[in-house]
Amino acid sequence: MQSTAYLIDTETMLEAARTAQADKLAPYEWTAANLYFAKSKEEVGYSDFEQAVDYGKKAVEFATRARDTALKVGRRNEPLPSDPPVVPTP
Amino acid sequence: MIRRACLVFSSLLVASCHSGPQIRASGDIIKTDIERARRSNALRCAPRELASAEANLDFALGELDEGNSQRAYEHITEAEAMAKKAVALSRDCAPRQVVVKEQQPQLVVKIEETDKDGDTVLDKDDQCPSLPGPVENKGCPVEAPKDRDGDGIFDPSDHCVDQPEDFDGFQDEDGCPDPDNDNDGILDTADKCPNEAGPMQNLGCPILDKDGDGLNDDKDKCPNEPEDKDGFEDEDGCPDLDNDADGLPDDRDDCPMVPGPVDNKGCPRKYSLVAVTKDRIEIKKQIKFATGSAKIVGAESEKILDEVALALKDNAQIKKVRVEGHTDSVGDDAKNLKLSQNRANSVMSALIKRGVDPVRMEATGYGETKPIASNSTAAGKAENRRTEFNIAEQ
C-alpha cells in the first residue's frame, strides 16, 4: 500500500535525521517531519489513505530536509582540520 | 450511563459550534501570525513552535476539506497557540540594528584651477566651461554635421538626406534605401532572393539551370545531371546512359536503342532455329523424341535446345516460360497425357543442363487436348506432335 510505503520511508528518513542530530541542528524541519508522520499514521487509522499519502509525502520531504540541514550545520560547526588540537591546561 | 450520554451530547454540541467558515477565518488570522513570526526570525528563535503552528494549520484545513470540523477545530486551536508562542518567542529575535558611526568630515583641498566639463581645457581658458570641446576650438564643441533622416550617415555623405538607409547589406554606404535590391520588380520584403533577380512565379529567385543542359531546373527532372541528348527521352533533363536498358552503356552498345546481350555488343542476337516473340519462344523445327518415349533424339534437337537456352539467357526480362508437351490423337488419351508430361519434363531438364535457371521454367503436358491442326491427316498429326515454349511471366 502506498501510504504504508511512505510511512516506512519516513521512519527510515527520520532515523537518518536523528543520527545526524537533526533534533538539535534542524529543529524546524525535525518537528514538522514528526508532526506530519504522526498525522499520516492517524489518517491510516481513519482509513483515509489519500490524506495519509499526502501527509506521508510531506513527512518524507521534511525528514530529508532535516537530515540535509543537520549535516550541513554540523559540517559548518566542525573545527577546521588545520586547527590545533585543544590541550587541556593543568 | 447518563453521564456518558451527556458527555457525547456535549462533545457533539461543541463540534457543531465550530463551523467551517469560522475555522477558516481563524486560519487566516493564524496565517498572519505565522508570517509575523517568520519575519521576526522565528525560524531561529522558535523553530519547533513555528513548525507546529504551520503543520497544525495545514492539518486543520485538510480536516475541513474532509468535513471533520471537530478534528479541524482541535488542530486550529493548537495552531493558534503555537503561532502565538512563536510570535512571543521571536519578539526579540530579529537582528539588532547596527549603528554605523558617522564619519568625520574630511578636509578638502580646493584646487582653484577647475575644469568643469572635463575637456582638459581649464575653466579659465575655456570659452565654453560647461560644454566639452577641443583645445583648438578654445574648449567649445565643434558643431557636428547634421543627419536629417537620422540613419547614422551624416548629410554630407548621405545621397538621400531625407530617406533613411535601410541597412539590408546592399549598398548601405550611400544613405539611400534600396527597397528592391535586384530591381526585379518584387520588393525585398516579399522577395525570397532580394539580391538576385527572378520572376514572381519563382518568388523572386532566378530560375537556374544548374547542370547547364539547356533545361531550366523547374522543368528538369534531374537538375544536377545534364541531359545526354542522344535522341532518347531528351525532354526530361535526365541522362539516359543505357537507353535500351540491356546493361551495356550506350557508348559501348552497338545497338543502343535495342536491347541485346553484352557478348553480342548490345545488339539482339540472330537465332537460326528460334525466334523470340512477345508471348513465346518459337522454334522453327520440332524437337524429336524416340517413339512412345520422352528421350530426345537427333543432333538437330540438341541444336534447337541450345538456341532456346541461349534465347532465355539473352532475354532476362522473361521471368517464366512454360515448356508444353502436346501429342496427336493416336492412342490412349491418358497415355498421351502422361507421355506429353514426360516429354515436357525431359525438355526442361535438357534446358537446366544448359544452365537455364529452373525457377524460370515450368513443364506441362497437355496430351492431345490442344491440337493446332486436324488429327485426320498425317500432316496435321505431325503438326500436333509438338513442344512449345510459351512465356508465362515477364
# chains A, B, ... in the order shown; residues from 1 in each chain; ligands from 1
call {"tool": "interface_residues", "arguments": {"of": "chain B", "to": "chain A", "cutoff": "9 Å", "atoms": "only C-alpha atoms", "output": "list in words"}}
result
Leu43, Arg44, Ala46, Pro47, Arg48, Glu49, Leu50, Ala51, Ser52, Glu54, Ala55, Asn56, Phe59 and Gly62 of chain B
call {"tool": "write_last_selection", "arguments": {"atoms": "N, CA and C atoms", "output": "PDB file, in the first residue's frame"}}
result
ATOM      1  N   LEU B  43      12.190  31.217  12.774  1.00  0.00           N
ATOM      2  CA  LEU B  43      12.866  30.006  12.294  1.00  0.00           C
ATOM      3  C   LEU B  43      14.083  29.711  13.172  1.00  0.00           C
ATOM      4  N   ARG B  44      14.693  30.788  13.712  1.00  0.00           N
ATOM      5  CA  ARG B  44      15.872  30.604  14.557  1.00  0.00           C
ATOM      6  C   ARG B  44      15.487  30.515  16.038  1.00  0.00           C
ATOM      7  N   ALA B  46      12.168  30.247  17.445  1.00  0.00           N
ATOM      8  CA  ALA B  46      11.062  29.378  17.885  1.00  0.00           C
ATOM      9  C   ALA B  46      10.757  28.376  16.771  1.00  0.00           C
ATOM     10  N   PRO B  47      11.771  27.579  16.377  1.00  0.00           N
ATOM     11  CA  PRO B  47      11.555  26.713  15.214  1.00  0.00           C
ATOM     12  C   PRO B  47      10.491  25.646  15.455  1.00  0.00           C
ATOM     13  N   ARG B  48      10.463  25.076  16.664  1.00  0.00           N
ATOM     14  CA  ARG B  48       9.506  23.996  16.947  1.00  0.00           C
ATOM     15  C   ARG B  48       8.079  24.539  16.942  1.00  0.00           C
ATOM     16  N   GLU B  49       7.910  25.715  17.551  1.00  0.00           N
ATOM     17  CA  GLU B  49       6.583  26.324  17.641  1.00  0.00           C
ATOM     18  C   GLU B  49       6.085  26.716  16.240  1.00  0.00           C
ATOM     19  N   LEU B  50       7.031  27.254  15.448  1.00  0.00           N
ATOM     20  CA  LEU B  50       6.670  27.669  14.089  1.00  0.00           C
ATOM     21  C   LEU B  50       6.239  26.457  13.254  1.00  0.00           C
ATOM     22  N   ALA B  51       7.041  25.382  13.339  1.00  0.00           N
ATOM     23  CA  ALA B  51       6.715  24.165  12.580  1.00  0.00           C
ATOM     24  C   ALA B  51       5.382  23.608  13.031  1.00  0.00           C
ATOM     25  N   SER B  52       5.148  23.628  14.351  1.00  0.00           N
ATOM     26  CA  SER B  52       3.917  23.076  14.884  1.00  0.00           C
ATOM     27  C   SER B  52       2.714  23.909  14.437  1.00  0.00           C
ATOM     28  N   GLU B  54       2.471  25.790  11.732  1.00  0.00           N
ATOM     29  CA  GLU B  54       2.233  25.600  10.288  1.00  0.00           C
ATOM     30  C   GLU B  54       1.589  24.247  10.013  1.00  0.00           C
ATOM     31  N   ALA B  55       2.136  23.195  10.658  1.00  0.00           N
ATOM     32  CA  ALA B  55       1.625  21.848  10.411  1.00  0.00           C
ATOM     33  C   ALA B  55       0.183  21.733  10.884  1.00  0.00           C
ATOM     34  N   ASN B  56      -0.106  22.267  12.066  1.00  0.00           N
ATOM     35  CA  ASN B  56      -1.467  22.145  12.594  1.00  0.00           C
ATOM     36  C   ASN B  56      -2.471  22.937  11.758  1.00  0.00           C
ATOM     37  N   PHE B  59      -3.120  20.759   8.875  1.00  0.00           N
ATOM     38  CA  PHE B  59      -3.998  19.640   9.254  1.00  0.00           C
ATOM     39  C   PHE B  59      -5.447  20.124   9.382  1.00  0.00           C
ATOM     40  N   GLY B  62      -6.973  20.581   6.070  1.00  0.00           N
ATOM     41  CA  GLY B  62      -7.177  19.248   5.478  1.00  0.00           C
ATOM     42  C   GLY B  62      -8.420  18.593   6.064  1.00  0.00           C
TER      43      GLY B  62
END
call {"tool": "residues_around", "arguments": {"residues": "A:Lys57", "least_positions_apart": "5", "cutoff": "9 Å", "atoms": "only C-alpha atoms", "output": "MDAnalysis selection string"}}
result
chainID A and resid 3 6:7 10 36 52 62
call {"tool": "write_last_selection", "arguments": {"atoms": "C-alpha atoms", "output": "PDB file, in the first residue's frame"}}
result
ATOM      1  CA  SER A   3       0.552   5.040   2.474  1.00  0.00           C
ATOM      2  CA  TYR A   6       5.505   6.375   2.768  1.00  0.00           C
ATOM      3  CA  LEU A   7       5.359   5.597   6.482  1.00  0.00           C
ATOM      4  CA  THR A  10       9.542   8.439   6.679  1.00  0.00           C
ATOM      5  CA  TYR A  36       3.370  15.022   9.560  1.00  0.00           C
ATOM      6  CA  ALA A  52      -2.331   9.617   4.686  1.00  0.00           C
ATOM      7  CA  PHE A  62      10.721  17.365   5.889  1.00  0.00           C
TER       8      PHE A  62
END
call {"tool": "decode", "arguments": {"residues": "stretch 291-322 of chain B", "atoms": "N, CA and C atoms", "output": "mmCIF file, in the first residue's frame"}}
result
data_model
loop_
_atom_site.group_PDB
_atom_site.id
_atom_site.type_symbol
_atom_site.label_atom_id
_atom_site.label_comp_id
_atom_site.auth_asym_id
_atom_site.auth_seq_id
_atom_site.Cartn_x
_atom_site.Cartn_y
_atom_site.Cartn_z
ATOM 1 N N THR B 291 10.122 -42.935 -80.407
ATOM 2 C CA THR B 291 8.702 -43.298 -80.485
ATOM 3 C C THR B 291 8.215 -43.823 -79.128
ATOM 4 N N GLY B 292 7.105 -43.242 -78.700
ATOM 5 C CA GLY B 292 6.471 -43.664 -77.439
ATOM 6 C C GLY B 292 7.323 -43.378 -76.209
ATOM 7 N N SER B 293 8.374 -42.536 -76.355
ATOM 8 C CA SER B 293 9.277 -42.292 -75.224
ATOM 9 C C SER B 293 9.534 -40.786 -75.073
ATOM 10 N N ALA B 294 10.129 -40.410 -73.923
ATOM 11 C CA ALA B 294 10.447 -38.992 -73.674
ATOM 12 C C ALA B 294 11.902 -38.702 -73.973
ATOM 13 N N LYS B 295 12.597 -39.663 -74.571
ATOM 14 C CA LYS B 295 14.020 -39.467 -74.833
ATOM 15 C C LYS B 295 14.210 -38.570 -76.069
ATOM 16 N N ILE B 296 14.983 -37.500 -75.921
ATOM 17 C CA ILE B 296 15.214 -36.562 -77.026
ATOM 18 C C ILE B 296 16.246 -37.185 -77.950
ATOM 19 N N VAL B 297 15.956 -37.154 -79.235
ATOM 20 C CA VAL B 297 16.879 -37.760 -80.196
ATOM 21 C C VAL B 297 17.232 -36.766 -81.291
ATOM 22 N N GLY B 298 18.408 -36.975 -81.895
ATOM 23 C CA GLY B 298 18.822 -36.181 -83.062
ATOM 24 C C GLY B 298 19.651 -34.973 -82.686
ATOM 25 N N ALA B 299 20.703 -34.745 -83.519
ATOM 26 C CA ALA B 299 21.607 -33.610 -83.289
ATOM 27 C C ALA B 299 20.866 -32.289 -83.453
ATOM 28 N N GLU B 300 19.889 -32.274 -84.371
ATOM 29 C CA GLU B 300 19.146 -31.038 -84.611
ATOM 30 C C GLU B 300 18.351 -30.613 -83.357
ATOM 31 N N SER B 301 17.770 -31.650 -82.672
ATOM 32 C CA SER B 301 17.034 -31.347 -81.426
ATOM 33 C C SER B 301 17.962 -30.671 -80.418
ATOM 34 N N GLU B 302 19.202 -31.182 -80.357
ATOM 35 C CA GLU B 302 20.169 -30.590 -79.407
ATOM 36 C C GLU B 302 20.457 -29.134 -79.773
ATOM 37 N N LYS B 303 20.583 -28.880 -81.080
ATOM 38 C CA LYS B 303 20.871 -27.504 -81.519
ATOM 39 C C LYS B 303 19.704 -26.569 -81.161
ATOM 40 N N ILE B 304 18.476 -27.107 -81.370
ATOM 41 C CA ILE B 304 17.298 -26.275 -81.019
ATOM 42 C C ILE B 304 17.335 -25.937 -79.519
ATOM 43 N N LEU B 305 17.608 -26.956 -78.728
ATOM 44 C CA LEU B 305 17.641 -26.734 -77.270
ATOM 45 C C LEU B 305 18.748 -25.741 -76.896
ATOM 46 N N ASP B 306 19.902 -25.829 -77.601
ATOM 47 C CA ASP B 306 20.991 -24.876 -77.353
ATOM 48 C C ASP B 306 20.500 -23.441 -77.556
ATOM 49 N N GLU B 307 19.773 -23.248 -78.681
ATOM 50 C CA GLU B 307 19.330 -21.881 -79.001
ATOM 51 C C GLU B 307 18.225 -21.402 -78.064
ATOM 52 N N VAL B 308 17.343 -22.333 -77.674
ATOM 53 C CA VAL B 308 16.284 -21.931 -76.710
ATOM 54 C C VAL B 308 16.945 -21.465 -75.402
ATOM 55 N N ALA B 309 17.960 -22.264 -74.980
ATOM 56 C CA ALA B 309 18.667 -21.906 -73.736
ATOM 57 C C ALA B 309 19.330 -20.534 -73.877
ATOM 58 N N LEU B 310 19.965 -20.288 -75.040
ATOM 59 C CA LEU B 310 20.633 -19.011 -75.293
ATOM 60 C C LEU B 310 19.617 -17.854 -75.287
ATOM 61 N N ALA B 311 18.485 -18.115 -75.960
ATOM 62 C CA ALA B 311 17.435 -17.080 -76.027
ATOM 63 C C ALA B 311 16.934 -16.733 -74.625
ATOM 64 N N LEU B 312 16.810 -17.742 -73.780
ATOM 65 C CA LEU B 312 16.356 -17.471 -72.402
ATOM 66 C C LEU B 312 17.396 -16.669 -71.630
ATOM 67 N N LYS B 313 18.666 -17.002 -71.872
ATOM 68 C CA LYS B 313 19.728 -16.263 -71.171
ATOM 69 C C LYS B 313 19.809 -14.823 -71.665
ATOM 70 N N ASP B 314 19.634 -14.644 -73.006
ATOM 71 C CA ASP B 314 19.717 -13.300 -73.579
ATOM 72 C C ASP B 314 18.547 -12.418 -73.164
ATOM 73 N N ASN B 315 17.430 -13.043 -72.873
ATOM 74 C CA ASN B 315 16.225 -12.266 -72.577
ATOM 75 C C ASN B 315 15.849 -12.423 -71.098
ATOM 76 N N ALA B 316 16.595 -11.688 -70.314
ATOM 77 C CA ALA B 316 16.382 -11.800 -68.855
ATOM 78 C C ALA B 316 15.007 -11.298 -68.450
ATOM 79 N N GLN B 317 14.380 -10.488 -69.339
ATOM 80 C CA GLN B 317 13.055 -9.975 -68.972
ATOM 81 C C GLN B 317 12.006 -11.077 -68.944
ATOM 82 N N ILE B 318 12.313 -12.235 -69.569
ATOM 83 C CA ILE B 318 11.371 -13.372 -69.495
ATOM 84 C C ILE B 318 11.571 -14.032 -68.129
ATOM 85 N N LYS B 319 10.575 -13.841 -67.276
ATOM 86 C CA LYS B 319 10.697 -14.348 -65.902
ATOM 87 C C LYS B 319 10.349 -15.827 -65.828
ATOM 88 N N LYS B 320 9.362 -16.243 -66.636
ATOM 89 C CA LYS B 320 8.956 -17.659 -66.553
ATOM 90 C C LYS B 320 8.441 -18.110 -67.922
ATOM 91 N N VAL B 321 8.900 -19.295 -68.342
ATOM 92 C CA VAL B 321 8.432 -19.865 -69.607
ATOM 93 C C VAL B 321 7.813 -21.236 -69.317
ATOM 94 N N ARG B 322 6.698 -21.479 -69.989
ATOM 95 C CA ARG B 322 6.032 -22.771 -69.774
ATOM 96 C C ARG B 322 6.409 -23.715 -70.927
#
